[in-house]
Amino acid sequence: MRNGYRAEKPWLDDDERVIEPDEFTDLLDTVYSQGPDGEESRRALARVEGSLKEYGSDRLYYDVLSATPFGPIYIAMSDKGVAALGFDDSEQDFLTRMGRRYRTPVERSRTHVAQVTEQLKDYFAGKRDSFDVPLDLRSITPFQRVVLGAIQQIPSGETISYGGLARRIGKPGAARAVGRALGSNPIPIIIPCHRALAADGSLGGYSGRGGVRTKQALLSLEGAWG
Amino acid sequence: MMTDNTESRPVFHSLLELHGRELYAYLWRMLGHREDAEDCLQDTFLRAFRAFERTNADWNYRAWLYKIATNVARTHMKRGRRQDLLLESEADPYQVNPLEVIAHKEQVSKVRSEMERLSFRQRTAIMMRKYSDLDYDLIAEALDCTPETARAHVYQGLKRLRKRLQSTLVAEGSNHA
């Protein structure tokens, strides 16, 4: 079914005054006042929806949070969630690293990343102790996924040893592998790998900028150190 | 849970909900081909999505989308286009007389080809004013001109069209005689 001719739509002259329809306006209306039918429009819109979704998922947006106790922090966000949080030395380093890792266009966008930056600001201000954002963990191995999942169970203010975490995931001998998995955490702070310590209670390692000093500062912020 | 990870998305999607249908109809009328109109609609919204970050909240998004759609349609036409399939569309079902069906098709064909002989701006201005119901301020934004110029495009275009279709009108008149 085509839409009927839009007889209710009056023709206006140059000064927006309604004019009487005549043969000419009738003829134009015959050809143009019909539009695509509802089914056609729905299909066209569904196709647009689909391509927007596809386009969005193949793209990273990033922003820089400059005012942190640890210097600038770079955040990358995909359609699915936070993909990376970086302590890179420069924006260019971060972009290069993201490009290599995800092989997808990376665009700066304050709005796309706003919710994450807001939560991070609150965290550094001591107003928040956990994060409520979806994560995009497509770039990690299944083992890493298990380890990072386990460390996320450790609440703010507490810590666990690498060995303890290995036992938690049912691999009691894998403390070193657990340490390595934590060391390549793509989303530090939000995935709190800093909450894992050496067996003797010392800080162990931290791969973020500032190394163990940053780790100690994060734990202090959470009231788990000093 | 964070309900939406892209702050601009809900707003952008509301643009699709609000204006997708009318833009499709606009492209459909301009291009005279369903698949061309679909392609152009998709292209319009992808371009809009990419540029969305650089827009301001106080923009008129409807005019902005018409502007993009118009540019997409122009590029598409330059690349060459498929046959005008709307000519194949069903004629008025009440016109069962085959001669009348043919006459109707010829008439549609004549109107569309005369419309295409107008300048691109005249044609788009007429479509936006008469069939998308945009006022001259919005058309001016979409065509990057003043409202006066937009009005002149519509006026001049219709005047020219009326003159060129005179013979068709006369013929139609004699049909009914």
# chains A, B, ... in the order shown; residues from 1 in each chain; ligands from 1
>>> interface_residues(of="chain A", to="chain B", cutoff="6 Å", atoms="only C-alpha atoms", output="list in words")
Val31, Gly35, Pro36, Ala44, Val48, Thr111, His112, Asp132 and Val133 of chain A
>>> write_last_selection(atoms="C-alpha atoms", output="PDB file, in the first residue's frame")
ATOM      1  CA  VAL A  31       3.898  11.908  -8.515  1.00  0.00           C
ATOM      2  CA  GLY A  35       6.087   8.041  -0.193  1.00  0.00           C
ATOM      3  CA  PRO A  36       7.601   4.650   0.520  1.00  0.00           C
ATOM      4  CA  ALA A  44      15.491   0.690   5.428  1.00  0.00           C
ATOM      5  CA  VAL A  48      20.700   1.581   9.153  1.00  0.00           C
ATOM      6  CA  THR A 111      31.458  11.949  25.537  1.00  0.00           C
ATOM      7  CA  HIS A 112      31.922   8.255  24.778  1.00  0.00           C
ATOM      8  CA  ASP A 132      30.320   0.126  37.509  1.00  0.00           C
ATOM      9  CA  VAL A 133      31.194  -0.045  33.827  1.00  0.00           C
TER      10      VAL A 133
END
>>> residues_around(residues="Leu219 (chain A)", least_positions_apart="2", cutoff="10 Å", atoms="only C-alpha atoms", output="JSON, numbers by chain")
{"A": [156, 157, 158, 159, 192, 194, 195, 203, 213, 214, 215, 216, 217, 221, 222, 223, 224, 225, 226]}
>>> residues_around(residues="Ser161 (chain A)", least_positions_apart="3", cutoff="7 Å", atoms="only C-alpha atoms", output="PDB file with C-alpha atoms, in the first residue's frame")
ATOM      1  CA  GLY A 164      46.066 -17.329  47.283  1.00  0.00           C
ATOM      2  CA  LEU A 165      44.627 -16.175  44.000  1.00  0.00           C
ATOM      3  CA  ALA A 196      47.483  -9.000  44.723  1.00  0.00           C
ATOM      4  CA  LEU A 197      50.624  -9.072  46.883  1.00  0.00           C
ATOM      5  CA  ALA A 198      53.660 -11.323  47.307  1.00  0.00           C
ATOM      6  CA  ALA A 199      53.375 -14.261  49.723  1.00  0.00           C
TER       7      ALA A 199
END
>>> residues_around(residues="region 58-74 of chain B", least_positions_apart="3", cutoff="6 Å", atoms="only C-alpha atoms", output="PDB file with C-alpha atoms, in the first residue's frame")
ATOM      1  CA  THR B  44      23.587   9.541   5.538  1.00  0.00           C
ATOM      2  CA  MET B  77      23.539  10.754  -8.702  1.00  0.00           C
ATOM      3  CA  LEU B 138      15.517  24.902   7.812  1.00  0.00           C
ATOM      4  CA  GLU B 141      20.419  25.608   6.810  1.00  0.00           C
ATOM      5  CA  ALA B 142      20.306  22.408   4.810  1.00  0.00           C
TER       6      ALA B 142
END
>>> closest_residue(among="A:Val212, A:Ala67, A:Ile187, A:Val18", to="Asp122 (chain A)", atoms="only C-alpha atoms")
A:Ala67
>>> select_by_dssp(residues="region 49-176 of chain B", states="alpha helix (DSSP H)", output="PyMOL selection string")
chain B and resi 49-52+61-78+98-117+120-126+136-143+147-164+166-176
>>> write_last_selection(atoms="C-alpha atoms", output="short mmCIF file (atom, residue, chain, number, x, y, z; two decimals), in the first residue's frame")
data_model
loop_
_atom_site.label_atom_id
_atom_site.label_comp_id
_atom_site.auth_asym_id
_atom_site.auth_seq_id
_atom_site.Cartn_x
_atom_site.Cartn_y
_atom_site.Cartn_z
CA PHE B 49 27.32 9.33 13.25
CA ARG B 50 30.94 10.06 12.45
CA ALA B 51 30.32 13.81 12.56
CA PHE B 52 28.03 13.68 15.57
CA TYR B 61 19.60 18.31 13.80
CA ARG B 62 16.76 17.90 11.34
CA ALA B 63 18.24 20.48 8.98
CA TRP B 64 21.70 19.00 9.53
CA LEU B 65 20.48 15.53 8.53
CA TYR B 66 18.75 16.91 5.43
CA LYS B 67 21.98 18.60 4.51
CA ILE B 68 23.91 15.36 4.77
CA ALA B 69 21.21 13.40 2.92
CA THR B 70 21.18 15.99 0.15
CA ASN B 71 24.95 15.77 -0.27
CA VAL B 72 24.83 11.99 -0.24
CA ALA B 73 22.09 12.01 -2.88
CA ARG B 74 24.04 14.42 -5.07
CA THR B 75 27.17 12.28 -4.92
CA HIS B 76 25.13 9.20 -5.61
CA MET B 77 23.54 10.75 -8.70
CA LYS B 78 26.90 11.86 -10.03
CA PRO B 98 -4.76 -0.11 -19.53
CA LEU B 99 -4.66 2.98 -21.69
CA GLU B 100 -5.07 5.10 -18.62
CA VAL B 101 -2.35 3.13 -16.85
CA ILE B 102 0.01 3.86 -19.70
CA ALA B 103 -1.04 7.49 -19.74
CA HIS B 104 -0.42 7.66 -15.99
CA LYS B 105 3.05 6.20 -16.35
CA GLU B 106 3.91 8.57 -19.13
CA GLN B 107 2.74 11.43 -17.04
CA VAL B 108 4.79 10.35 -14.04
CA SER B 109 7.79 9.88 -16.26
CA LYS B 110 7.37 13.32 -17.78
CA VAL B 111 7.05 15.01 -14.39
CA ARG B 112 10.07 13.24 -12.99
CA SER B 113 12.27 14.01 -15.96
CA GLU B 114 11.24 17.68 -15.96
CA MET B 115 11.93 17.80 -12.23
CA GLU B 116 15.41 16.44 -12.91
CA ARG B 117 16.05 19.16 -15.48
CA PHE B 120 19.76 20.40 -8.08
CA ARG B 121 19.12 23.12 -5.52
CA GLN B 122 15.76 24.03 -6.97
CA ARG B 123 14.73 20.42 -6.97
CA THR B 124 15.88 19.71 -3.41
CA ALA B 125 14.32 22.95 -2.17
CA ILE B 126 10.97 22.02 -3.74
CA TYR B 136 12.57 28.14 4.66
CA ASP B 137 14.84 28.63 7.66
CA LEU B 138 15.52 24.90 7.81
CA ILE B 139 15.92 24.59 4.05
CA ALA B 140 18.38 27.48 4.18
CA GLU B 141 20.42 25.61 6.81
CA ALA B 142 20.31 22.41 4.81
CA LEU B 143 21.36 24.11 1.59
CA PRO B 147 16.04 31.74 3.67
CA GLU B 148 15.39 34.23 0.86
CA THR B 149 17.50 32.21 -1.52
CA ALA B 150 15.77 29.01 -0.42
CA ARG B 151 12.44 30.64 -1.12
CA ALA B 152 13.67 31.81 -4.52
CA HIS B 153 14.79 28.25 -5.37
CA VAL B 154 11.32 26.92 -4.66
CA TYR B 155 9.57 29.75 -6.45
CA GLN B 156 11.78 29.73 -9.56
CA GLY B 157 11.79 25.96 -9.71
CA LEU B 158 8.03 25.66 -9.56
CA LYS B 159 7.60 28.44 -12.11
CA ARG B 160 9.92 26.72 -14.54
CA LEU B 161 8.33 23.36 -13.89
CA ARG B 162 4.84 24.69 -14.44
CA LYS B 163 5.89 26.16 -17.77
CA ARG B 164 7.59 23.01 -18.96
CA GLN B 166 2.18 22.98 -19.69
CA SER B 167 1.90 20.60 -22.64
CA THR B 168 1.34 17.63 -20.33
CA LEU B 169 -1.33 19.55 -18.49
CA VAL B 170 -3.07 20.42 -21.73
CA ALA B 171 -2.91 16.81 -22.87
CA GLU B 172 -4.31 15.65 -19.57
CA GLY B 173 -7.09 18.17 -19.84
CA SER B 174 -8.05 16.89 -23.29
CA ASN B 175 -8.08 13.32 -21.95
CA HIS B 176 -10.93 14.18 -19.68
#
>>> select_by_dssp(residues="region 81-181 of chain A", states="strand (DSSP E)", output="list in words")
Val82, Ala83, Ala84, Leu85, Gly86, Val106, Glu107, Arg108, Ile160 and Ser161 of chain A
>>> closest_atom_pairs(of="region 114-220 of chain A", to="region 76-98 of chain A", cutoff="7 Å", atoms="only C-alpha atoms", output="CSV")
residue,atom,partner,partner_atom,distance
A:Val133,CA,A:Gly81,CA,6.9
A:Pro134,CA,A:Gly81,CA,4.6
A:Leu135,CA,A:Gly81,CA,4.3
A:Asp136,CA,A:Ala83,CA,4.8
A:Leu137,CA,A:Ala83,CA,6.3
A:Pro186,CA,A:Ala84,CA,5.2
A:Ile187,CA,A:Leu85,CA,4.7
A:Pro188,CA,A:Leu85,CA,6.2
A:Gly208,CA,A:Phe87,CA,5.9
A:Arg209,CA,A:Phe87,CA,5.4
>>> write_last_selection(atoms="N, CA and C atoms", output="short mmCIF file (atom, residue, chain, number, x, y, z; two decimals), in the first residue's frame")
data_model
loop_
_atom_site.label_atom_id
_atom_site.label_comp_id
_atom_site.auth_asym_id
_atom_site.auth_seq_id
_atom_site.Cartn_x
_atom_site.Cartn_y
_atom_site.Cartn_z
N VAL A 133 31.15 -0.23 35.28
CA VAL A 133 31.19 -0.04 33.83
C VAL A 133 31.41 -1.41 33.16
N PRO A 134 30.82 -1.63 31.99
CA PRO A 134 31.08 -2.89 31.29
C PRO A 134 32.51 -2.92 30.77
N LEU A 135 33.07 -4.10 30.67
CA LEU A 135 34.45 -4.23 30.21
C LEU A 135 34.48 -4.98 28.89
N ASP A 136 35.39 -4.59 28.02
CA ASP A 136 35.59 -5.30 26.77
C ASP A 136 36.93 -6.02 26.87
N LEU A 137 36.86 -7.32 27.15
CA LEU A 137 38.09 -8.08 27.40
C LEU A 137 38.47 -8.97 26.22
N PRO A 186 44.89 -5.43 30.97
CA PRO A 186 44.74 -4.27 30.08
C PRO A 186 44.00 -3.09 30.72
N ILE A 187 43.32 -3.36 31.83
CA ILE A 187 42.51 -2.28 32.44
C ILE A 187 42.85 -2.13 33.92
N PRO A 188 44.12 -1.75 34.23
CA PRO A 188 44.48 -1.60 35.65
C PRO A 188 43.57 -0.59 36.35
N GLY A 208 52.25 -0.68 36.04
CA GLY A 208 51.80 0.67 35.70
C GLY A 208 52.88 1.70 35.96
N ARG A 209 52.69 2.93 35.47
CA ARG A 209 53.64 4.01 35.66
C ARG A 209 53.91 4.21 37.16
#
